[in-house]
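Coordinates as given in work-v8.tsv (TSV, N, CA and C atoms):
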chain	number	residue	atom	x	y	z
I	1	MET	N	162.80	36.61	165.88
I	1	MET	CA	161.61	36.55	165.06
I	1	MET	C	160.51	35.83	165.82
I	2	GLN	N	159.32	36.17	165.51
I	2	GLN	CA	158.20	35.62	166.24
I	2	GLN	C	157.94	34.16	165.90
I	3	GLY	N	158.18	33.71	164.67
I	3	GLY	CA	157.88	32.34	164.27
I	3	GLY	C	159.01	31.36	164.53
I	4	ASP	N	160.02	31.75	165.32
I	4	ASP	CA	161.17	30.89	165.55
I	4	ASP	C	161.00	29.93	166.71
I	5	ASN	N	159.84	29.87	167.33
I	5	ASN	CA	159.63	28.92	168.43
I	5	ASN	C	159.72	27.51	167.90
I	6	ILE	N	160.45	26.67	168.58
I	6	ILE	CA	160.58	25.28	168.16
I	6	ILE	C	159.63	24.44	169.00
I	7	LEU	N	158.54	24.07	168.38
I	7	LEU	CA	157.53	23.24	169.03
I	7	LEU	C	157.33	22.00	168.20
I	8	PRO	N	156.90	20.89	168.79
I	8	PRO	CA	156.64	19.70	168.00
I	8	PRO	C	155.55	19.97	166.98
I	9	ALA	N	155.73	19.39	165.81
I	9	ALA	CA	154.69	19.52	164.79
I	9	ALA	C	153.41	18.92	165.32
I	10	SER	N	152.33	19.62	165.17
I	10	SER	CA	151.09	19.15	165.78
I	10	SER	C	150.06	18.71	164.77
I	11	GLY	N	150.43	18.57	163.52
I	11	GLY	CA	149.50	18.04	162.54
I	11	GLY	C	148.24	18.88	162.42
I	12	GLY	N	148.41	20.17	162.15
I	12	GLY	CA	147.24	21.01	161.95
I	12	GLY	C	146.50	21.29	163.24
I	13	GLY	N	147.20	21.43	164.36
I	13	GLY	CA	146.55	21.74	165.61
I	13	GLY	C	146.09	20.50	166.37
I	14	GLU	N	146.40	19.35	165.87
I	14	GLU	CA	146.01	18.09	166.51
I	14	GLU	C	146.76	17.93	167.83
I	15	SER	N	146.06	17.68	168.89
I	15	SER	CA	146.68	17.50	170.19
I	15	SER	C	147.02	16.05	170.48
I	16	GLY	N	146.63	15.16	169.61
I	16	GLY	CA	146.89	13.75	169.82
I	16	GLY	C	145.80	13.05	170.62
I	17	GLY	N	144.73	13.76	170.92
I	17	GLY	CA	143.64	13.17	171.70
I	17	GLY	C	143.01	11.98	171.01
I	18	ASN	N	142.84	12.06	169.70
I	18	ASN	CA	142.24	10.94	168.97
I	18	ASN	C	143.16	9.73	168.95
I	19	THR	N	144.46	9.96	168.87
I	19	THR	CA	145.38	8.82	168.90
I	19	THR	C	145.33	8.14	170.26
I	20	LYS	N	145.20	8.93	171.31
I	20	LYS	CA	145.10	8.36	172.66
I	20	LYS	C	143.83	7.53	172.79
I	21	ILE	N	142.75	8.00	172.18
I	21	ILE	CA	141.49	7.25	172.23
I	21	ILE	C	141.66	5.87	171.59
I	22	VAL	N	142.35	5.82	170.46
I	22	VAL	CA	142.56	4.53	169.80
I	22	VAL	C	143.40	3.60	170.68
I	23	TYR	N	144.45	4.13	171.30
I	23	TYR	CA	145.25	3.29	172.20
I	23	TYR	C	144.41	2.78	173.37
I	24	ILE	N	143.57	3.62	173.91
I	24	ILE	CA	142.71	3.21	175.02
I	24	ILE	C	141.70	2.15	174.56
I	25	LEU	N	141.16	2.33	173.35
I	25	LEU	CA	140.26	1.31	172.81
I	25	LEU	C	140.99	-0.02	172.65
I	26	TYR	N	142.23	0.04	172.17
I	26	TYR	CA	143.01	-1.18	172.01
I	26	TYR	C	143.25	-1.86	173.36
I	27	LEU	N	143.56	-1.08	174.38
I	27	LEU	CA	143.76	-1.68	175.70
I	27	LEU	C	142.45	-2.25	176.25
I	28	GLY	N	141.35	-1.57	175.98
I	28	GLY	CA	140.05	-2.08	176.39
I	28	GLY	C	139.67	-3.36	175.66
I	29	ALA	N	140.25	-3.55	174.48
I	29	ALA	CA	139.96	-4.75	173.70
I	29	ALA	C	140.49	-6.01	174.37
I	30	ILE	N	141.37	-5.86	175.33
I	30	ILE	CA	141.85	-7.02	176.08
I	30	ILE	C	140.68	-7.67	176.81
I	31	VAL	N	139.74	-6.86	177.25
I	31	VAL	CA	138.56	-7.37	177.95
I	31	VAL	C	137.40	-7.58	176.99
I	32	PHE	N	137.20	-6.63	176.08
I	32	PHE	CA	136.08	-6.68	175.14
I	32	PHE	C	136.64	-6.49	173.73
I	33	GLY	N	136.89	-7.59	173.04
I	33	GLY	CA	137.62	-7.61	171.78
I	33	GLY	C	137.09	-6.71	170.68
I	34	LEU	N	135.80	-6.45	170.67
I	34	LEU	CA	135.22	-5.62	169.63
I	34	LEU	C	135.79	-4.20	169.63
I	35	LEU	N	136.31	-3.76	170.76
I	35	LEU	CA	136.88	-2.42	170.85
I	35	LEU	C	138.08	-2.26	169.92
I	36	ALA	N	138.82	-3.33	169.66
I	36	ALA	CA	139.95	-3.25	168.73
I	36	ALA	C	139.47	-2.93	167.33
I	37	LEU	N	138.38	-3.53	166.92
I	37	LEU	CA	137.81	-3.26	165.61
I	37	LEU	C	137.34	-1.80	165.51
I	38	ILE	N	136.71	-1.31	166.56
I	38	ILE	CA	136.29	0.08	166.60
I	38	ILE	C	137.52	0.99	166.53
I	39	GLY	N	138.56	0.63	167.25
I	39	GLY	CA	139.80	1.42	167.25
I	39	GLY	C	140.46	1.49	165.89
I	40	VAL	N	140.55	0.37	165.20
I	40	VAL	CA	141.21	0.38	163.89
I	40	VAL	C	140.38	1.15	162.87
I	41	ILE	N	139.07	1.06	162.95
I	41	ILE	CA	138.22	1.85	162.05
I	41	ILE	C	138.43	3.34	162.33
I	42	PHE	N	138.50	3.70	163.60
I	42	PHE	CA	138.73	5.09	163.98
I	42	PHE	C	140.09	5.56	163.46
I	43	ALA	N	141.11	4.70	163.55
I	43	ALA	CA	142.45	5.05	163.04
I	43	ALA	C	142.43	5.23	161.53
I	44	TYR	N	141.73	4.35	160.82
I	44	TYR	CA	141.63	4.49	159.36
I	44	TYR	C	140.95	5.80	158.97
I	45	VAL	N	139.88	6.13	159.67
I	45	VAL	CA	139.12	7.34	159.35
I	45	VAL	C	139.92	8.61	159.69
I	46	SER	N	140.70	8.58	160.76
I	46	SER	CA	141.40	9.77	161.24
I	46	SER	C	142.78	9.96	160.64
I	47	ARG	N	143.29	9.02	159.88
I	47	ARG	CA	144.70	9.06	159.48
I	47	ARG	C	145.08	10.14	158.50
I	48	SER	N	144.16	10.88	157.94
I	48	SER	CA	144.52	11.91	156.97
I	48	SER	C	144.83	13.25	157.63
I	49	GLY	N	145.03	13.25	158.94
I	49	GLY	CA	145.27	14.49	159.67
I	49	GLY	C	146.60	15.14	159.39
I	50	GLY	N	147.63	14.38	159.09
I	50	GLY	CA	148.95	14.92	158.84
I	50	GLY	C	149.75	15.09	160.11
I	51	GLY	N	151.03	15.40	159.96
I	51	GLY	CA	151.90	15.63	161.11
I	51	GLY	C	152.26	14.35	161.85
I	52	TRP	N	152.65	14.53	163.09
I	52	TRP	CA	153.12	13.41	163.90
I	52	TRP	C	152.00	12.42	164.21
I	53	VAL	N	150.76	12.86	164.21
I	53	VAL	CA	149.66	11.95	164.52
I	53	VAL	C	149.47	10.90	163.43
I	54	ASN	N	149.82	11.25	162.19
I	54	ASN	CA	149.72	10.28	161.11
I	54	ASN	C	150.57	9.05	161.37
I	55	ASP	N	151.77	9.24	161.96
I	55	ASP	CA	152.63	8.11	162.31
I	55	ASP	C	151.93	7.21	163.33
I	56	HIS	N	151.24	7.83	164.27
I	56	HIS	CA	150.53	7.03	165.28
I	56	HIS	C	149.39	6.23	164.65
I	57	TYR	N	148.64	6.86	163.76
I	57	TYR	CA	147.54	6.14	163.13
I	57	TYR	C	148.07	4.97	162.30
I	58	ARG	N	149.14	5.20	161.59
I	58	ARG	CA	149.74	4.11	160.80
I	58	ARG	C	150.23	2.99	161.72
I	59	PHE	N	150.85	3.37	162.82
I	59	PHE	CA	151.33	2.39	163.80
I	59	PHE	C	150.16	1.62	164.40
I	60	GLN	N	149.06	2.30	164.69
I	60	GLN	CA	147.89	1.65	165.28
I	60	GLN	C	147.25	0.68	164.29
I	61	ILE	N	147.20	1.06	163.04
I	61	ILE	CA	146.65	0.16	162.02
I	61	ILE	C	147.52	-1.08	161.89
I	62	ARG	N	148.83	-0.87	161.87
I	62	ARG	CA	149.76	-2.01	161.80
I	62	ARG	C	149.64	-2.88	163.06
I	63	THR	N	149.46	-2.25	164.21
I	63	THR	CA	149.31	-3.02	165.46
I	63	THR	C	148.10	-3.93	165.37
I	64	PHE	N	147.00	-3.43	164.85
I	64	PHE	CA	145.79	-4.25	164.74
I	64	PHE	C	146.03	-5.46	163.84
I	65	TRP	N	146.55	-5.23	162.63
I	65	TRP	CA	146.70	-6.32	161.67
I	65	TRP	C	147.78	-7.31	162.08
I	66	ILE	N	148.89	-6.82	162.62
I	66	ILE	CA	149.94	-7.74	163.08
I	66	ILE	C	149.43	-8.52	164.29
I	67	GLY	N	148.72	-7.85	165.19
I	67	GLY	CA	148.14	-8.53	166.35
I	67	GLY	C	147.14	-9.60	165.94
I	68	LEU	N	146.36	-9.31	164.92
I	68	LEU	CA	145.41	-10.30	164.40
I	68	LEU	C	146.15	-11.51	163.84
I	69	LEU	N	147.24	-11.25	163.12
I	69	LEU	CA	148.04	-12.35	162.58
I	69	LEU	C	148.65	-13.19	163.70
I	70	TYR	N	149.28	-12.52	164.67
I	70	TYR	CA	149.88	-13.25	165.81
I	70	TYR	C	148.83	-14.06	166.56
I	71	SER	N	147.66	-13.48	166.76
I	71	SER	CA	146.58	-14.17	167.48
I	71	SER	C	146.09	-15.38	166.69
I	72	ALA	N	145.95	-15.23	165.38
I	72	ALA	CA	145.49	-16.35	164.55
I	72	ALA	C	146.49	-17.50	164.60
I	73	VAL	N	147.77	-17.18	164.51
I	73	VAL	CA	148.80	-18.22	164.62
I	73	VAL	C	148.73	-18.87	165.99
I	74	GLY	N	148.53	-18.08	167.03
I	74	GLY	CA	148.42	-18.62	168.38
I	74	GLY	C	147.22	-19.54	168.55
I	75	VAL	N	146.08	-19.13	168.01
I	75	VAL	CA	144.87	-19.95	168.12
I	75	VAL	C	145.04	-21.27	167.37
I	76	VAL	N	145.57	-21.20	166.16
I	76	VAL	CA	145.77	-22.42	165.37
I	76	VAL	C	146.76	-23.36	166.05
I	77	SER	N	147.79	-22.80	166.66
I	77	SER	CA	148.81	-23.66	167.27
I	77	SER	C	148.48	-24.08	168.70
I	78	THR	N	147.30	-23.72	169.22
I	78	THR	CA	146.94	-24.21	170.56
I	78	THR	C	146.77	-25.72	170.56
I	79	VAL	N	146.55	-26.29	169.39
I	79	VAL	CA	146.47	-27.75	169.27
I	79	VAL	C	147.79	-28.36	169.73
I	80	PHE	N	148.88	-27.66	169.49
I	80	PHE	CA	150.20	-28.16	169.87
I	80	PHE	C	150.67	-27.60	171.21
I	81	LEU	N	149.81	-26.94	171.92
I	81	LEU	CA	150.03	-26.35	173.24
I	81	LEU	C	150.96	-25.15	173.24
I	82	VAL	N	151.80	-25.00	172.23
I	82	VAL	CA	152.68	-23.84	172.16
I	82	VAL	C	151.86	-22.58	171.84
I	83	GLY	N	150.68	-22.76	171.33
I	83	GLY	CA	149.81	-21.64	171.00
I	83	GLY	C	149.43	-20.80	172.19
I	84	TRP	N	149.31	-21.43	173.36
I	84	TRP	CA	148.97	-20.67	174.56
I	84	TRP	C	150.10	-19.69	174.90
I	85	LEU	N	151.34	-20.11	174.71
I	85	LEU	CA	152.46	-19.20	174.93
I	85	LEU	C	152.47	-18.08	173.89
I	86	MET	N	152.12	-18.45	172.66
I	86	MET	CA	152.04	-17.45	171.59
I	86	MET	C	150.96	-16.41	171.90
I	87	LEU	N	149.83	-16.86	172.39
I	87	LEU	CA	148.75	-15.93	172.75
I	87	LEU	C	149.15	-15.04	173.92
I	88	LEU	N	149.85	-15.59	174.89
I	88	LEU	CA	150.33	-14.80	176.02
I	88	LEU	C	151.36	-13.77	175.54
I	89	ALA	N	152.27	-14.19	174.68
I	89	ALA	CA	153.27	-13.26	174.13
I	89	ALA	C	152.59	-12.16	173.32
I	90	THR	N	151.54	-12.50	172.59
I	90	THR	CA	150.80	-11.50	171.81
I	90	THR	C	150.13	-10.49	172.73
I	91	LEU	N	149.59	-10.95	173.83
I	91	LEU	CA	148.97	-10.06	174.80
I	91	LEU	C	149.99	-9.06	175.36
I	92	VAL	N	151.15	-9.56	175.75
I	92	VAL	CA	152.21	-8.69	176.28
I	92	VAL	C	152.65	-7.71	175.20
I	93	TRP	N	152.84	-8.22	173.98
I	93	TRP	CA	153.23	-7.39	172.84
I	93	TRP	C	152.23	-6.25	172.63
I	94	TRP	N	150.94	-6.57	172.67
I	94	TRP	CA	149.85	-5.60	172.47
I	94	TRP	C	149.91	-4.51	173.54
I	95	ILE	N	150.06	-4.91	174.79
I	95	ILE	CA	150.09	-3.96	175.91
I	95	ILE	C	151.29	-3.04	175.80
I	96	VAL	N	152.45	-3.59	175.48
I	96	VAL	CA	153.67	-2.78	175.38
I	96	VAL	C	153.55	-1.76	174.25
I	97	ARG	N	153.05	-2.20	173.10
I	97	ARG	CA	152.90	-1.26	171.97
I	97	ARG	C	151.93	-0.14	172.31
I	98	CYS	N	150.85	-0.47	172.97
I	98	CYS	CA	149.87	0.57	173.34
I	98	CYS	C	150.45	1.52	174.39
I	99	ALA	N	151.15	0.98	175.37
I	99	ALA	CA	151.73	1.82	176.42
I	99	ALA	C	152.79	2.76	175.85
I	100	LYS	N	153.66	2.24	174.98
I	100	LYS	CA	154.67	3.10	174.36
I	100	LYS	C	154.02	4.14	173.46
I	101	GLY	N	152.98	3.76	172.74
I	101	GLY	CA	152.28	4.70	171.89
I	101	GLY	C	151.62	5.81	172.70
I	102	LEU	N	151.01	5.44	173.81
I	102	LEU	CA	150.38	6.45	174.68
I	102	LEU	C	151.42	7.42	175.24
I	103	GLN	N	152.58	6.90	175.61
I	103	GLN	CA	153.65	7.77	176.12
I	103	GLN	C	154.08	8.77	175.06
I	104	CYS	N	154.31	8.30	173.86
I	104	CYS	CA	154.73	9.20	172.78
I	104	CYS	C	153.64	10.21	172.44
I	105	ALA	N	152.40	9.76	172.39
I	105	ALA	CA	151.29	10.67	172.08
I	105	ALA	C	151.13	11.71	173.18
I	106	SER	N	151.35	11.35	174.43
I	106	SER	CA	151.24	12.30	175.54
I	106	SER	C	152.31	13.37	175.45
I	107	ARG	N	153.46	13.01	174.87
I	107	ARG	CA	154.54	13.99	174.68
I	107	ARG	C	154.46	14.69	173.34
I	108	SER	N	153.41	14.43	172.58
I	108	SER	CA	153.22	15.00	171.23
I	108	SER	C	154.39	14.67	170.31
I	109	GLU	N	154.83	13.42	170.38
I	109	GLU	CA	155.94	12.95	169.56
I	109	GLU	C	155.45	11.82	168.66
I	110	PRO	N	156.05	11.69	167.47
I	110	PRO	CA	155.70	10.53	166.64
I	110	PRO	C	156.26	9.26	167.26
I	111	TYR	N	155.69	8.12	166.91
I	111	TYR	CA	156.22	6.86	167.39
I	111	TYR	C	157.58	6.65	166.74
I	112	PRO	N	158.60	6.22	167.50
I	112	PRO	CA	159.97	6.17	166.97
I	112	PRO	C	160.17	5.24	165.77
I	113	ASN	N	159.53	4.08	165.75
I	113	ASN	CA	159.76	3.13	164.66
I	113	ASN	C	158.44	2.46	164.32
I	114	ILE	N	157.69	3.06	163.41
I	114	ILE	CA	156.35	2.54	163.10
I	114	ILE	C	156.39	1.29	162.27
I	115	GLU	N	157.53	0.97	161.65
I	115	GLU	CA	157.62	-0.20	160.78
I	115	GLU	C	157.96	-1.49	161.54
I	116	THR	N	158.24	-1.40	162.81
I	116	THR	CA	158.67	-2.58	163.56
I	116	THR	C	157.53	-3.58	163.75
I	117	TRP	N	157.90	-4.85	163.80
I	117	TRP	CA	156.94	-5.91	164.11
I	117	TRP	C	156.98	-6.24	165.60
I	118	LEU	N	157.90	-5.67	166.31
I	118	LEU	CA	157.99	-5.90	167.76
I	118	LEU	C	157.38	-4.72	168.50
I	119	TRP	N	158.19	-3.94	169.18
I	119	TRP	CA	157.68	-2.77	169.88
I	119	TRP	C	158.66	-1.65	169.78
As structure tokens, the full file:
Amino acid sequence: MQGDNILPASGGGESGGNTKIVYILYLGAIVFGLLALIGVIFAYVSRSGGGWVNDHYRFQIRTFWIGLLYSAVGVVSTVFLVGWLMLLATLVWWIVRCAKGLQCASRSEPYPNIETWLW
């Protein structure tokens, strides 16, 4: 039959380009923090697309808010010096989540575990 091709669900023809843009904005936010805010707004606006890209948008939104929480805890605890380690760990966490997300989006796959607080 003609419709028996097994291809990844593409969410209405979505190639994942917009999800990649959000990940790139998040990585750019390491240098210019405002890009993270632009990225999360873009993820909120784009999340009604459906398919595997919806998982990425949800993951990106969670990444922003969890990252904000981790960063706030790190900033507050810099008084005790352990905050600097927390901020460094948050930076590594942010990069790993974005890199894994970009890999999955490049393969047109949903993120494996969008509910995780780690990576």
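Between Glu115 (chain I) and the candidates I:Leu87, I:Val79, I:Gln60, I:Gly74, the tightest atom-to-atom separation, counting only C-alpha atoms, involves I:Gln60.
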Which of region 12-78 of chain I fall in helix (DSSP H, G or I), as an NGL selection string:
:I and (17-28 or 34-49 or 52-78)
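Take the candidates I:Leu34, I:Trp119, I:Pro110, I:Phe80 and check each one against Val96 (chain I) using only C-alpha atoms; the shortest distance goes to I:Trp119.
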Please provide as a PyMOL selection string all residues within 8 Å of Ile24 (chain I), with the sequence filter that same-chain residues fewer than 5 positions apart are discarded (counting only N, CA and C atoms).
chain I and resi 18-19+29+35-36+39+98+102
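For the pair CA of Glu109 (chain I) and atom N of Ser48 (chain I), the interatomic distance is 16.7 Å.
Pairwise distance (CA of Trp65 (chain I), CA of Gly50 (chain I)) equals 21.5 Å.
Relative to atom C of Ser106 (chain I), atom N of Val53 (chain I) is found at 11.4 Å.
Distances here use only C-alpha atoms; by that measure, the residue among I:Asn54, I:Thr63, I:Val40, I:Arg47 closest to Ile95 (chain I) is I:Thr63.
With distances taken over only N, CA and C atoms, I:Phe59 is the one residue among I:Phe59, I:Val75, I:Val31, I:Leu81 lying closest to Tyr111 (chain I).
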With 4 Å added on each side, what axis-aligned box encloses every listed atom of region 27-46 of chain I? Give the centre and edge lengths in Å to one decimal, as AutoDock Vina command-line options.
--center_x 139.5 --center_y 1.1 --center_z 168.5 --size_x 16.5 --size_y 25.6 --size_z 27.0
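With only N, CA and C atoms as the atoms that count, the residue of I:Leu88, I:Val45, I:Thr78, I:Leu37 with the shortest distance to Phe64 (chain I) is I:Leu37.
Among the candidates I:Leu68, I:Ala99, I:Val82, I:Leu118, the one nearest to Val22 (chain I) when counting only C-alpha atoms is I:Ala99.
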Output requested as a compact mmCIF listing (two decimals), in the coordinates of the input - region 23-42 of chain I, filled out with N, CA, C and O atoms.
# COMPACT_ATOMS: atom_id res chain seq x y z
N TYR I 23 144.45 4.13 171.30
CA TYR I 23 145.25 3.29 172.20
C TYR I 23 144.41 2.78 173.37
O TYR I 23 144.53 1.62 173.77
N ILE I 24 143.57 3.62 173.91
CA ILE I 24 142.71 3.21 175.02
C ILE I 24 141.70 2.15 174.56
O ILE I 24 141.43 1.18 175.27
N LEU I 25 141.16 2.33 173.35
CA LEU I 25 140.26 1.31 172.81
C LEU I 25 140.99 -0.02 172.65
O LEU I 25 140.44 -1.08 172.95
N TYR I 26 142.23 0.04 172.17
CA TYR I 26 143.01 -1.18 172.01
C TYR I 26 143.25 -1.86 173.36
O TYR I 26 143.17 -3.08 173.46
N LEU I 27 143.56 -1.08 174.38
CA LEU I 27 143.76 -1.68 175.70
C LEU I 27 142.45 -2.25 176.25
O LEU I 27 142.45 -3.30 176.88
N GLY I 28 141.35 -1.57 175.98
CA GLY I 28 140.05 -2.08 176.39
C GLY I 28 139.67 -3.36 175.66
O GLY I 28 138.89 -4.17 176.16
N ALA I 29 140.25 -3.55 174.48
CA ALA I 29 139.96 -4.75 173.70
C ALA I 29 140.49 -6.01 174.37
O ALA I 29 140.07 -7.12 174.03
N ILE I 30 141.37 -5.86 175.33
CA ILE I 30 141.85 -7.02 176.08
C ILE I 30 140.68 -7.67 176.81
O ILE I 30 140.62 -8.89 176.93
N VAL I 31 139.74 -6.86 177.25
CA VAL I 31 138.56 -7.37 177.95
C VAL I 31 137.40 -7.58 176.99
O VAL I 31 136.70 -8.59 177.06
N PHE I 32 137.20 -6.63 176.08
CA PHE I 32 136.08 -6.68 175.14
C PHE I 32 136.64 -6.49 173.73
O PHE I 32 136.87 -5.37 173.28
N GLY I 33 136.89 -7.59 173.04
CA GLY I 33 137.62 -7.61 171.78
C GLY I 33 137.09 -6.71 170.68
O GLY I 33 137.85 -6.24 169.84
N LEU I 34 135.80 -6.45 170.67
CA LEU I 34 135.22 -5.62 169.63
C LEU I 34 135.79 -4.20 169.63
O LEU I 34 135.79 -3.53 168.60
N LEU I 35 136.31 -3.76 170.76
CA LEU I 35 136.88 -2.42 170.85
C LEU I 35 138.08 -2.26 169.92
O LEU I 35 138.35 -1.16 169.44
N ALA I 36 138.82 -3.33 169.66
CA ALA I 36 139.95 -3.25 168.73
C ALA I 36 139.47 -2.93 167.33
O ALA I 36 140.09 -2.12 166.61
N LEU I 37 138.38 -3.53 166.92
CA LEU I 37 137.81 -3.26 165.61
C LEU I 37 137.34 -1.80 165.51
O LEU I 37 137.58 -1.12 164.51
N ILE I 38 136.71 -1.31 166.56
CA ILE I 38 136.29 0.08 166.60
C ILE I 38 137.52 0.99 166.53
O ILE I 38 137.53 2.00 165.81
N GLY I 39 138.56 0.63 167.25
CA GLY I 39 139.80 1.42 167.25
C GLY I 39 140.46 1.49 165.89
O GLY I 39 140.89 2.56 165.45
N VAL I 40 140.55 0.37 165.20
CA VAL I 40 141.21 0.38 163.89
C VAL I 40 140.38 1.15 162.87
O VAL I 40 140.93 1.85 162.01
N ILE I 41 139.07 1.06 162.95
CA ILE I 41 138.22 1.85 162.05
C ILE I 41 138.43 3.34 162.33
O ILE I 41 138.57 4.14 161.41
N PHE I 42 138.50 3.70 163.60
CA PHE I 42 138.73 5.09 163.98
C PHE I 42 140.09 5.56 163.46
O PHE I 42 140.23 6.68 162.98
